[in-house]
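**Student:** Supplied structure: model-v6.cif, mmCIF, C-alpha atoms.
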```cif
data_protein
#
loop_
_atom_site.label_atom_id
_atom_site.label_comp_id
_atom_site.auth_asym_id
_atom_site.auth_seq_id
_atom_site.Cartn_x
_atom_site.Cartn_y
_atom_site.Cartn_z
CA MET A 10 112.47 61.82 116.82
CA ASP A 11 113.32 64.21 119.67
CA ILE A 12 115.50 67.26 120.17
CA HIS A 13 118.48 65.01 120.89
CA SER A 14 118.32 63.15 117.55
CA ASP A 15 120.95 63.70 114.87
CA PRO A 16 120.20 67.00 113.12
CA ILE A 17 120.98 68.47 109.71
CA VAL A 18 123.72 71.03 110.38
CA LEU A 19 122.85 74.27 108.59
CA ASP A 20 125.59 75.93 106.57
CA PRO A 21 126.20 79.20 108.44
CA GLU A 22 127.41 80.80 105.20
CA GLY A 23 124.10 80.11 103.45
CA SER A 24 125.92 79.24 100.23
CA ASP A 25 123.07 77.07 98.85
CA ILE A 26 119.89 77.89 100.73
CA GLN A 27 117.43 76.27 98.34
CA GLY A 28 119.57 73.15 97.92
CA GLU A 29 119.80 72.79 101.69
CA ILE A 30 116.03 73.25 102.01
CA THR A 31 115.54 70.44 99.51
CA ARG A 32 117.66 68.17 101.70
CA ILE A 33 115.69 69.20 104.78
CA ARG A 34 112.38 68.52 103.02
CA LYS A 35 113.51 65.01 102.10
CA GLN A 36 113.88 64.30 105.82
CA GLY A 37 110.24 65.18 106.38
CA PRO A 38 107.93 68.15 106.99
CA VAL A 39 109.35 68.68 110.49
CA THR A 40 113.09 68.12 110.80
CA LEU A 41 115.74 68.74 113.42
CA VAL A 42 118.47 71.20 112.38
CA GLU A 43 121.57 72.50 114.12
CA LEU A 44 122.34 76.21 114.29
CA PRO A 45 125.65 77.92 115.04
CA GLY A 46 126.87 77.21 118.54
CA GLY A 47 125.43 73.69 118.44
CA VAL A 48 121.89 74.91 119.23
CA ARG A 49 119.24 72.52 117.91
CA ALA A 50 115.83 73.56 116.62
CA TRP A 51 112.91 72.18 114.66
CA SER A 52 112.64 73.25 111.03
CA VAL A 53 109.05 73.22 109.76
CA VAL A 54 108.96 73.23 105.96
CA ASP A 55 105.36 72.13 105.36
CA ALA A 56 103.14 75.15 104.63
CA ALA A 57 99.98 73.77 106.23
CA LEU A 58 101.77 72.73 109.40
CA LEU A 59 103.62 76.03 109.60
CA LYS A 60 100.41 78.02 109.23
CA LYS A 61 98.84 75.83 111.91
CA ILE A 62 101.48 76.54 114.53
CA LEU A 63 101.78 80.24 113.64
CA SER A 64 98.05 80.92 113.68
CA GLY A 65 97.46 80.41 117.38
CA ASP A 66 99.23 80.95 120.68
CA GLU A 67 101.10 77.62 120.81
CA VAL A 68 104.44 79.21 119.91
CA SER A 69 106.20 82.24 121.37
CA LYS A 70 109.07 84.48 120.31
CA ASP A 71 109.96 85.43 123.87
CA PRO A 72 113.01 83.44 125.05
CA ARG A 73 112.80 84.97 128.53
CA ARG A 74 109.44 83.31 129.11
CA HIS A 75 109.43 80.23 126.91
CA TRP A 76 112.95 78.97 126.09
CA PRO A 77 114.30 76.99 129.06
CA ALA A 78 117.83 76.85 127.63
CA PHE A 79 117.87 80.67 127.51
CA GLN A 80 116.31 81.02 130.94
CA ASN A 81 118.84 78.61 132.47
CA GLY A 82 121.86 80.41 131.04
CA GLU A 83 122.70 77.62 128.59
CA ILE A 84 122.58 80.14 125.72
CA PRO A 85 125.53 82.51 126.22
CA ALA A 86 125.19 86.27 125.79
CA ASP A 87 127.68 86.08 122.91
CA TRP A 88 125.79 83.36 120.99
CA GLU A 89 126.27 83.87 117.27
CA LEU A 90 122.51 84.40 116.75
CA GLY A 91 122.04 86.39 119.94
CA ASN A 92 121.09 89.47 117.92
CA TRP A 93 117.94 87.64 116.87
CA VAL A 94 116.66 86.65 120.31
CA GLN A 95 118.04 89.00 122.96
CA VAL A 96 116.98 92.53 122.00
CA PRO A 97 113.48 93.36 123.34
CA SER A 98 110.94 94.38 120.70
CA MET A 99 107.75 93.05 119.18
CA PHE A 100 109.99 90.56 117.31
CA THR A 101 110.94 88.86 120.60
CA ALA A 102 107.64 89.30 122.45
CA TYR A 103 104.56 87.17 123.09
CA GLY A 104 100.89 87.72 123.81
CA ASP A 105 99.93 91.03 125.41
CA ASP A 106 103.52 92.31 125.28
CA HIS A 107 103.68 91.63 121.56
CA ARG A 108 100.36 93.38 120.91
CA ARG A 109 101.45 96.39 122.98
CA LEU A 110 104.79 96.76 121.19
CA ARG A 111 103.32 96.10 117.74
CA LYS A 112 100.77 98.85 118.31
CA ALA A 113 103.60 101.31 118.92
CA VAL A 114 105.07 100.53 115.49
CA ALA A 115 101.89 99.96 113.48
CA GLN A 116 101.05 103.66 113.29
CA ALA A 117 104.10 104.20 111.07
CA PHE A 118 102.98 101.56 108.57
CA THR A 119 99.30 102.32 108.05
CA HIS A 120 97.96 102.15 104.50
CA ARG A 121 97.67 105.95 104.40
CA ARG A 122 101.24 106.54 105.58
CA THR A 123 102.63 103.93 103.20
CA ALA A 124 100.76 105.36 100.21
CA ALA A 125 101.99 108.84 101.11
CA LEU A 126 105.58 107.63 100.64
CA GLU A 127 105.09 106.79 96.96
CA PRO A 128 106.09 110.22 95.56
CA ARG A 129 109.30 110.19 97.59
CA ILE A 130 110.06 106.62 96.52
CA LYS A 131 109.66 107.70 92.88
CA GLU A 132 112.07 110.59 93.46
CA ILE A 133 114.71 108.30 94.98
CA VAL A 134 114.31 105.79 92.15
CA GLU A 135 114.75 108.57 89.60
CA GLU A 136 117.90 109.80 91.35
CA LEU A 137 119.36 106.28 91.36
CA LEU A 138 118.50 105.71 87.69
CA ALA A 139 120.10 109.02 86.73
CA SER A 140 123.25 107.96 88.55
CA LEU A 141 123.25 104.65 86.68
CA GLU A 142 122.76 106.44 83.35
CA ALA A 143 125.94 108.39 84.01
CA LYS A 144 128.05 105.21 84.09
CA ALA A 145 130.62 104.76 81.33
CA PRO A 146 129.43 102.69 78.37
CA GLY A 147 130.38 99.04 78.76
CA GLN A 148 131.00 99.36 82.52
CA VAL A 149 129.80 96.43 84.60
CA VAL A 150 127.50 97.77 87.32
CA ASP A 151 126.59 96.02 90.59
CA LEU A 152 122.85 96.67 90.81
CA ARG A 153 122.60 95.26 94.33
CA GLU A 154 125.02 97.87 95.57
CA GLU A 155 123.88 100.75 93.38
CA PHE A 156 120.12 100.19 93.13
CA ALA A 157 118.62 97.37 95.20
CA TYR A 158 120.40 98.43 98.40
CA PRO A 159 120.25 102.25 98.40
CA LEU A 160 116.52 102.53 97.67
CA PRO A 161 115.22 100.66 100.76
CA ILE A 162 117.92 102.01 103.08
CA ARG A 163 117.11 105.59 102.06
CA VAL A 164 113.37 105.01 102.48
CA ILE A 165 113.67 103.48 105.96
CA SER A 166 116.27 106.04 107.04
CA GLU A 167 113.97 108.89 106.06
CA LEU A 168 111.01 107.17 107.72
CA LEU A 169 113.01 106.89 110.94
CA GLY A 170 114.66 110.30 110.68
CA VAL A 171 118.22 108.93 110.70
CA PRO A 172 120.87 111.65 110.25
CA GLU A 173 123.25 111.11 107.35
CA ARG A 174 126.28 110.44 109.55
CA LEU A 175 124.67 107.31 111.03
CA ASN A 176 123.62 105.67 107.77
CA GLN A 177 126.87 103.90 106.87
CA PRO A 178 127.67 102.67 110.42
CA LEU A 179 124.12 101.30 110.75
CA ARG A 180 124.39 99.57 107.37
CA THR A 181 127.61 97.88 108.47
CA CYS A 182 125.86 96.61 111.59
CA VAL A 183 122.85 95.33 109.66
CA ASP A 184 125.07 93.38 107.26
CA SER A 185 126.73 91.73 110.26
CA VAL A 186 123.41 90.91 111.98
CA PHE A 187 122.24 88.97 108.92
CA ASP A 188 125.54 87.12 108.56
CA THR A 189 125.00 83.91 110.53
CA GLY A 190 128.60 82.86 109.95
CA VAL A 191 130.20 85.58 112.09
CA SER A 192 132.19 84.77 115.23
CA LYS A 193 130.80 85.18 118.73
CA GLU A 194 133.05 88.17 119.22
CA THR A 195 131.76 89.87 116.07
CA ALA A 196 128.13 89.12 116.92
CA MET A 197 128.49 90.64 120.38
CA ALA A 198 130.42 93.66 119.11
CA THR A 199 127.77 94.26 116.43
CA GLN A 200 124.97 94.22 118.97
CA GLU A 201 126.78 96.64 121.27
CA GLN A 202 127.73 98.97 118.41
CA MET A 203 124.24 99.03 116.96
CA ILE A 204 122.65 99.81 120.32
CA THR A 205 125.14 102.65 120.78
CA LEU A 206 124.29 104.05 117.33
CA LEU A 207 120.56 103.84 118.06
CA GLN A 208 121.05 105.58 121.39
CA GLU A 209 122.78 108.34 119.43
CA LEU A 210 119.81 108.46 117.04
CA VAL A 211 117.39 108.80 119.97
CA ALA A 212 119.49 111.56 121.56
CA TYR A 213 119.60 113.40 118.23
CA ARG A 214 115.85 113.20 117.71
CA ARG A 215 115.11 114.23 121.29
CA ALA A 216 117.11 117.37 120.60
CA ASN A 217 115.74 117.71 117.03
CA PRO A 218 112.19 116.31 116.92
CA ASP A 219 110.52 115.97 113.54
CA GLN A 220 107.66 114.20 111.77
CA ASP A 221 109.42 110.82 111.80
CA MET A 222 108.92 107.45 113.41
CA THR A 223 111.78 107.83 115.90
CA THR A 224 110.32 111.07 117.25
CA ALA A 225 106.91 109.40 117.62
CA LEU A 226 108.43 106.46 119.50
CA ILE A 227 110.38 108.84 121.76
CA GLN A 228 107.16 110.68 122.60
CA ALA A 229 105.57 107.35 123.53
CA ALA A 230 108.54 106.39 125.70
CA ASP A 231 108.57 109.81 127.41
CA ASP A 232 104.85 109.71 128.19
CA PRO A 233 104.46 108.47 131.80
CA GLU A 234 101.04 107.05 130.94
CA THR A 235 102.43 104.91 128.11
CA ASN A 236 103.74 101.48 128.98
CA PHE A 237 106.73 101.71 126.64
CA SER A 238 110.22 101.72 128.10
CA GLU A 239 113.42 103.28 126.82
CA TYR A 240 114.87 99.78 126.51
CA GLU A 241 111.93 98.76 124.30
CA LEU A 242 112.32 101.97 122.29
CA ILE A 243 115.88 101.02 121.39
CA GLY A 244 114.81 97.44 120.68
CA THR A 245 112.01 98.62 118.38
CA LEU A 246 114.43 100.80 116.42
CA TYR A 247 116.87 97.87 116.32
CA LEU A 248 114.18 95.69 114.74
CA THR A 249 112.96 98.36 112.32
CA VAL A 250 116.41 99.23 111.00
CA ASN A 251 117.29 95.55 110.48
CA ALA A 252 114.00 94.28 109.09
CA GLY A 253 113.01 97.55 107.45
CA HIS A 254 115.21 97.29 104.41
CA GLU A 255 117.08 93.98 104.15
CA THR A 256 114.09 91.99 102.86
CA THR A 257 113.33 94.67 100.27
CA VAL A 258 116.95 94.68 99.11
CA SER A 259 116.73 90.94 98.43
CA LEU A 260 113.30 91.30 96.82
CA LEU A 261 114.63 93.83 94.30
CA ASP A 262 117.85 91.87 93.80
CA GLN A 263 116.06 88.57 93.15
CA ALA A 264 113.40 90.20 90.96
CA ILE A 265 115.97 91.77 88.65
CA TYR A 266 117.97 88.54 88.51
CA LEU A 267 114.92 86.34 87.81
CA LEU A 268 113.56 88.61 85.10
CA LEU A 269 116.93 88.84 83.38
CA THR A 270 117.13 85.03 83.39
CA HIS A 271 113.47 84.57 82.33
CA GLN A 272 113.18 87.03 79.47
CA GLN A 273 109.71 85.86 78.43
CA TYR A 274 108.22 87.19 81.67
CA LEU A 275 110.21 90.42 81.48
CA THR A 276 108.87 91.03 77.98
CA ALA A 277 105.32 90.23 79.06
CA ALA A 278 105.52 92.56 82.08
CA SER A 279 107.13 95.34 80.07
CA ASP A 280 104.47 95.33 77.35
CA GLY A 281 101.56 95.01 79.79
CA ARG A 282 100.55 91.40 79.18
CA LEU A 283 101.72 90.44 82.68
CA ASN A 284 100.88 92.43 85.79
CA TRP A 285 103.90 93.64 87.76
CA ASP A 286 102.14 92.68 90.99
CA GLN A 287 102.07 89.07 89.79
CA VAL A 288 105.80 89.23 89.11
CA ILE A 289 106.51 90.63 92.56
CA GLU A 290 104.40 88.00 94.32
CA GLU A 291 106.09 85.18 92.40
CA VAL A 292 109.53 86.55 93.27
CA LEU A 293 108.46 86.61 96.93
CA ARG A 294 107.22 83.04 96.65
CA PHE A 295 110.08 81.60 94.64
CA GLU A 296 112.94 83.30 96.48
CA SER A 297 111.57 84.40 99.86
CA PRO A 298 113.79 87.30 101.00
CA ALA A 299 113.95 85.81 104.51
CA ALA A 300 114.71 82.10 104.23
CA HIS A 301 115.10 80.81 107.81
CA VAL A 302 113.99 83.11 110.65
CA PRO A 303 115.09 82.52 114.27
CA LEU A 304 113.40 81.67 116.64
CA ARG A 305 110.13 80.53 118.14
CA TYR A 306 109.52 78.32 121.17
CA ALA A 307 106.79 75.82 121.91
CA VAL A 308 104.57 77.18 124.71
CA LYS A 309 103.16 73.70 125.20
CA ASP A 310 103.60 70.28 123.64
CA ILE A 311 102.63 70.44 119.97
CA ASN A 312 101.52 67.25 118.22
CA LEU A 313 101.80 67.71 114.47
CA GLY A 314 101.05 64.12 113.61
CA VAL A 315 104.32 63.58 111.78
CA ALA A 316 106.28 64.86 114.79
CA SER A 317 105.83 66.13 118.32
CA ILE A 318 107.52 69.30 119.51
CA ALA A 319 107.99 69.43 123.26
CA THR A 320 107.31 72.45 125.44
CA GLY A 321 110.26 74.83 125.30
CA ASP A 322 111.79 73.40 122.14
CA PRO A 323 113.04 76.10 119.72
CA ILE A 324 111.61 76.28 116.21
CA LEU A 325 113.36 77.74 113.16
CA VAL A 326 110.65 78.93 110.77
CA CYS A 327 111.52 78.29 107.13
CA TYR A 328 109.42 80.63 105.01
CA ALA A 329 111.44 79.85 101.88
CA ALA A 330 110.52 76.18 102.13
CA ALA A 331 106.84 76.76 102.92
CA SER A 332 106.55 79.08 99.93
CA ARG A 333 107.77 76.31 97.60
CA ASP A 334 105.68 73.55 99.17
CA PRO A 335 104.69 71.13 96.37
CA GLU A 336 101.49 70.36 98.26
CA VAL A 337 100.47 73.97 97.54
CA HIS A 338 102.14 74.68 94.19
CA GLY A 339 102.29 71.24 92.63
CA GLU A 340 105.14 69.75 90.65
CA THR A 341 106.17 73.20 89.36
CA ALA A 342 106.82 74.55 92.87
CA ASP A 343 110.54 74.89 92.09
CA ARG A 344 109.91 76.74 88.84
CA PHE A 345 109.68 80.54 88.52
CA ASP A 346 106.32 81.26 86.89
CA PRO A 347 104.46 84.54 87.58
CA THR A 348 101.41 83.23 85.68
CA ARG A 349 100.70 80.42 88.16
CA ALA A 350 97.29 80.50 89.87
CA SER A 351 98.87 80.15 93.33
CA VAL A 352 101.21 83.12 92.90
CA ARG A 353 99.95 84.85 96.06
CA ASP A 354 99.94 81.75 98.24
CA HIS A 355 103.30 82.24 99.94
CA MET A 356 104.68 83.13 103.38
CA ALA A 357 107.46 85.52 102.42
CA PHE A 358 106.29 88.10 104.97
CA GLY A 359 105.35 85.62 107.66
CA HIS A 360 102.00 84.47 108.96
CA GLY A 361 99.82 85.08 111.98
CA ALA A 362 100.51 87.55 114.77
CA HIS A 363 104.04 88.34 113.55
CA HIS A 364 103.14 89.01 109.90
CA CYS A 365 105.49 91.77 108.71
CA LEU A 366 104.08 95.27 109.18
CA GLY A 367 106.38 96.57 106.45
CA ALA A 368 105.11 94.22 103.74
CA PRO A 369 103.00 96.88 101.94
CA LEU A 370 105.99 99.24 101.89
CA ALA A 371 108.29 96.56 100.45
CA ARG A 372 105.73 95.79 97.74
CA LEU A 373 105.31 99.49 96.96
CA GLU A 374 109.05 99.99 96.55
CA ALA A 375 109.24 97.02 94.19
CA ARG A 376 106.18 98.20 92.25
CA VAL A 377 107.83 101.57 91.65
CA ALA A 378 111.40 100.42 91.12
CA LEU A 379 111.10 97.40 88.84
CA PRO A 380 109.11 98.85 85.93
CA ALA A 381 111.26 101.98 86.11
CA ILE A 382 114.65 100.31 85.84
CA PHE A 383 113.63 98.00 83.00
CA ALA A 384 112.01 100.89 81.11
CA ARG A 385 115.19 102.94 81.49
CA PHE A 386 117.52 100.09 80.51
CA PRO A 387 115.49 97.78 78.21
CA THR A 388 118.58 96.01 76.82
CA MET A 389 120.18 95.30 80.20
CA GLU A 390 121.99 91.97 80.46
CA LEU A 391 123.25 89.95 83.40
CA GLU A 392 126.96 89.32 83.83
CA SER A 393 126.69 85.87 85.38
CA GLU A 394 130.18 85.68 86.87
CA GLY A 395 130.69 86.39 90.55
CA LEU A 396 127.15 86.78 91.83
CA GLY A 397 127.72 84.81 95.04
CA THR A 398 125.19 84.77 97.87
CA THR A 399 124.56 87.08 100.79
CA PRO A 400 126.35 85.70 103.87
CA GLY A 401 124.16 83.65 106.19
CA PHE A 402 121.04 81.50 105.99
CA ILE A 403 118.52 84.23 106.92
CA SER A 404 118.74 86.77 104.09
CA ASN A 405 118.25 85.23 100.65
CA GLY A 406 119.98 87.28 97.99
CA HIS A 407 123.11 87.70 95.90
CA ARG A 408 126.36 89.16 97.14
CA ARG A 409 126.63 91.06 93.84
CA LEU A 410 124.29 91.63 90.89
CA PRO A 411 126.61 92.59 88.01
CA VAL A 412 124.94 93.80 84.81
CA LEU A 413 125.68 95.62 81.58
CA LEU A 414 123.05 98.35 81.44
CA ASN A 415 122.98 99.06 77.72
CA CYS A 416 123.60 96.16 75.37
CA ALA A 417 123.18 96.33 71.63
#
```
So that I can check it, write out the structure of this file as structure tokens.
**Tutor:**
Amino acid sequence: MDIHSDPIVLDPEGSDIQGEITRIRKQGPVTLVELPGGVRAWSVVDAALLKKILSGDEVSKDPRRHWPAFQNGEIPADWELGNWVQVPSMFTAYGDDHRRLRKAVAQAFTHRRTAALEPRIKEIVEELLASLEAKAPGQVVDLREEFAYPLPIRVISELLGVPERLNQPLRTCVDSVFDTGVSKETAMATQEQMITLLQELVAYRRANPDQDMTTALIQAADDPETNFSEYELIGTLYLTVNAGHETTVSLLDQAIYLLLTHQQYLTAASDGRLNWDQVIEEVLRFESPAAHVPLRYAVKDINLGVASIATGDPILVCYAAASRDPEVHGETADRFDPTRASVRDHMAFGHGAHHCLGAPLARLEARVALPAIFARFPTMELESEGLGTTPGFISNGHRRLPVLLNCA
């Protein structure tokens, strides 16, 4: 099979991500899929094969160097997924460039800096819980909107030093970036608007420096001895704002949903028989917050035995599939079970050089938030109508998470 074979056309709305992954897996461990705009890519759903290609230097995330279709102008500037490949940052870099750009960000996500955020995370969680407690009895509450979303967005905004007036416009842009069903016009407008907002953030922090990540990145960009351009500064902020909260939103969303629909594990975690870390890792495995992540490109021909990927072919990494690989998790791979021995063997935060720097922060937020909300509302029940799914095939969550907080 080659890049010109008939592909599985991905649903841009992402209305049934796991069902679609099952269909892809039936086609084989390496399958051709079609993205918006008719762009074809290889979907690798086998965990061992995915780890193999992500562990070395055989694949790149830099379309300017390693995607011939991009280099030749075959991928238009207004491509629906252009937000994921065009903006320069460590997310779209390879080799030395990737290491250089990752180093600029890594200082904000050290173990010490992450641990130091815990008291503030607890304060934000307490504020959100107090707001939920004030709801009228019997009122249906959307926990995605009023708990899962505001916690990570407030944490990343404070980490970056985002002024209040930019929070809502940036959120609107992020929602659009993750929606793979938007039009070309919307995708292009989103990219332009988000860059404008981030330029405003940089201007604000240049005039009002503080102990935040944006100020640190500005200092690096302004240092003539640092090889870090203004363009890369904006791209790094672009990546951090987008990736810095969306995956955590879906982690919290899916965790609450799965525990409310698997009461035996909620009871065990609440009374201490089950470790909350086990719950969090199984949520990450079972419903990876990032399902399909665009894009990588073969630096050279890759022979995977079951398929050969030619130099320059794009690859759509499917972490959600790899994390449910039956070769790793056995016949119960599609079952939510925090007691499984393989609970930590997943790829929710990536693998290899591009493993997510923010993974410890996401885990910390979940570790603080989940026990707290279930302790505060021990009789909470899910209202199963109207959950829906987040738009697109990248982010894996619910559109709404309606609950009754206090049930008799």
**Student:** Considering all atoms listed in the file, tabulate each residue of range 145-243 of chain A that lies at most 9 Å from range 100-114 of chain A along with its nearest interatomic pair and the corresponding distance in Å to one decimal; arrange the rows by chain and ascending residue number and present them as CSV.
**Tutor:**
```
residue,atom,partner,partner_atom,distance
A:Met222,CA,A:Val114,CA,8.2
A:Ala225,CA,A:Ala113,CA,8.8
A:Leu226,CA,A:Ala113,CA,7.1
A:Ala229,CA,A:Ala113,CA,7.8
A:Asn236,CA,A:Arg109,CA,8.2
A:Phe237,CA,A:Leu110,CA,7.6
A:Glu241,CA,A:Leu110,CA,8.0
```
**Student:** For Val96 in chain A, please output as an MDAnalysis selection string all residues within 8 Å (counting only C-alpha atoms; exclusion window: fewer than 3 positions along the same chain).
**Tutor:** chainID A and resid 92:93 101 244 247
**Student:** For the file shown, report as a PyMOL selection string the outcome of the PyMOL selection byres ((chain A and resi 278) around 12) at residue level.
**Tutor:** chain A and resi 268+271-277+279-289+347-348+376+379-381+383-384+387
**Student:** Apply the PyMOL selection byres ((chain A and resi 315) around 9) to the structure shown and report the selected residues as JSON, numbers by chain.
**Tutor:** {"A": [37, 38, 39, 312, 313, 314, 316, 317]}
**Student:** As a check of understanding, name the residues that the PyMOL selection byres ((chain A and resi 302) around 10) selects in the supplied structure, as a list in words.
**Tutor:**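 Evaluating the PyMOL selection byres ((chain A and resi 302) around 10) on these coordinates yields Ser52, Trp93, Ala299, Ala300, His301, Pro303, Leu304, Arg305, Ile324, Leu325, Val326, Cys327, Tyr328, Ala329, Gly359, Phe402, Ile403 and Ser404 of chain A.
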**Student:** I'd like to know which of A:Thr320, A:Thr249, A:Ser140, A:Ser166 is closest to Trp76 in chain A, using all atoms listed in the file.
**Tutor:**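 Looking only at the distances to Trp76 in chain A, the closest residue turns out to be A:Thr320.
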**Student:** In Å to one decimal, how far is CA of Gly253 in chain A from CA of Gly65 in chain A?
**Tutor:** 25.2 Å
**Student:** Counting all atoms listed in the file, what is within 9 Å of Glu194 in chain A, bar same-chain residues fewer than 4 positions away, as a PDB file with C-alpha atoms, in the coordinates of the input?
**Tutor:**
```pdb
ATOM      1  CA  ASP A  87     127.680  86.080 122.910  1.00  0.00           C
ATOM      2  CA  TRP A  88     125.790  83.360 120.990  1.00  0.00           C
ATOM      3  CA  GLU A  89     126.270  83.870 117.270  1.00  0.00           C
ATOM      4  CA  ALA A 198     130.420  93.660 119.110  1.00  0.00           C
ATOM      5  CA  THR A 199     127.770  94.260 116.430  1.00  0.00           C
TER       6      THR A 199
END
```
**Student:** Considering all atoms listed in the file, can you say which of A:Glu394, A:Glu209, A:Glu142, A:Glu336 comes closest to Leu414 in chain A?
**Tutor:**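 Under the stated criterion, the closest residue is A:Glu142.
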**Student:** Measuring between only C-alpha atoms, which one of A:Glu201, A:Glu127, A:Glu29, A:Asp221 shows the shortest distance to Val171 in chain A?
**Tutor:**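 Closest to Val171 in chain A of all the choices is A:Asp221.
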**Student:** For CA of Ala78 in chain A and CA of Val94 in chain A, quote the distance in Å rounded to one decimal.
**Tutor:** 12.3 Å
**Student:** Out of A:Arg163, A:Lys309, A:His120, A:Arg349, which residue has the shortest atom-to-atom distance to Gln177 in chain A when counting only C-alpha atoms?
**Tutor:** A:Arg163
**Student:** Select, from A:Cys182, A:Gln200, A:Pro161, A:Pro16, the residue with the minimum atom-to-atom distance to Ala86 in chain A, counting all atoms listed in the file.
**Tutor:** A:Gln200
**Student:** As an exercise, work out the distance from CA of Ala378 in chain A to CA of Leu261 in chain A in Å and give it to one decimal place.
**Tutor:**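 Distance between the two atoms: 8.0 Å.
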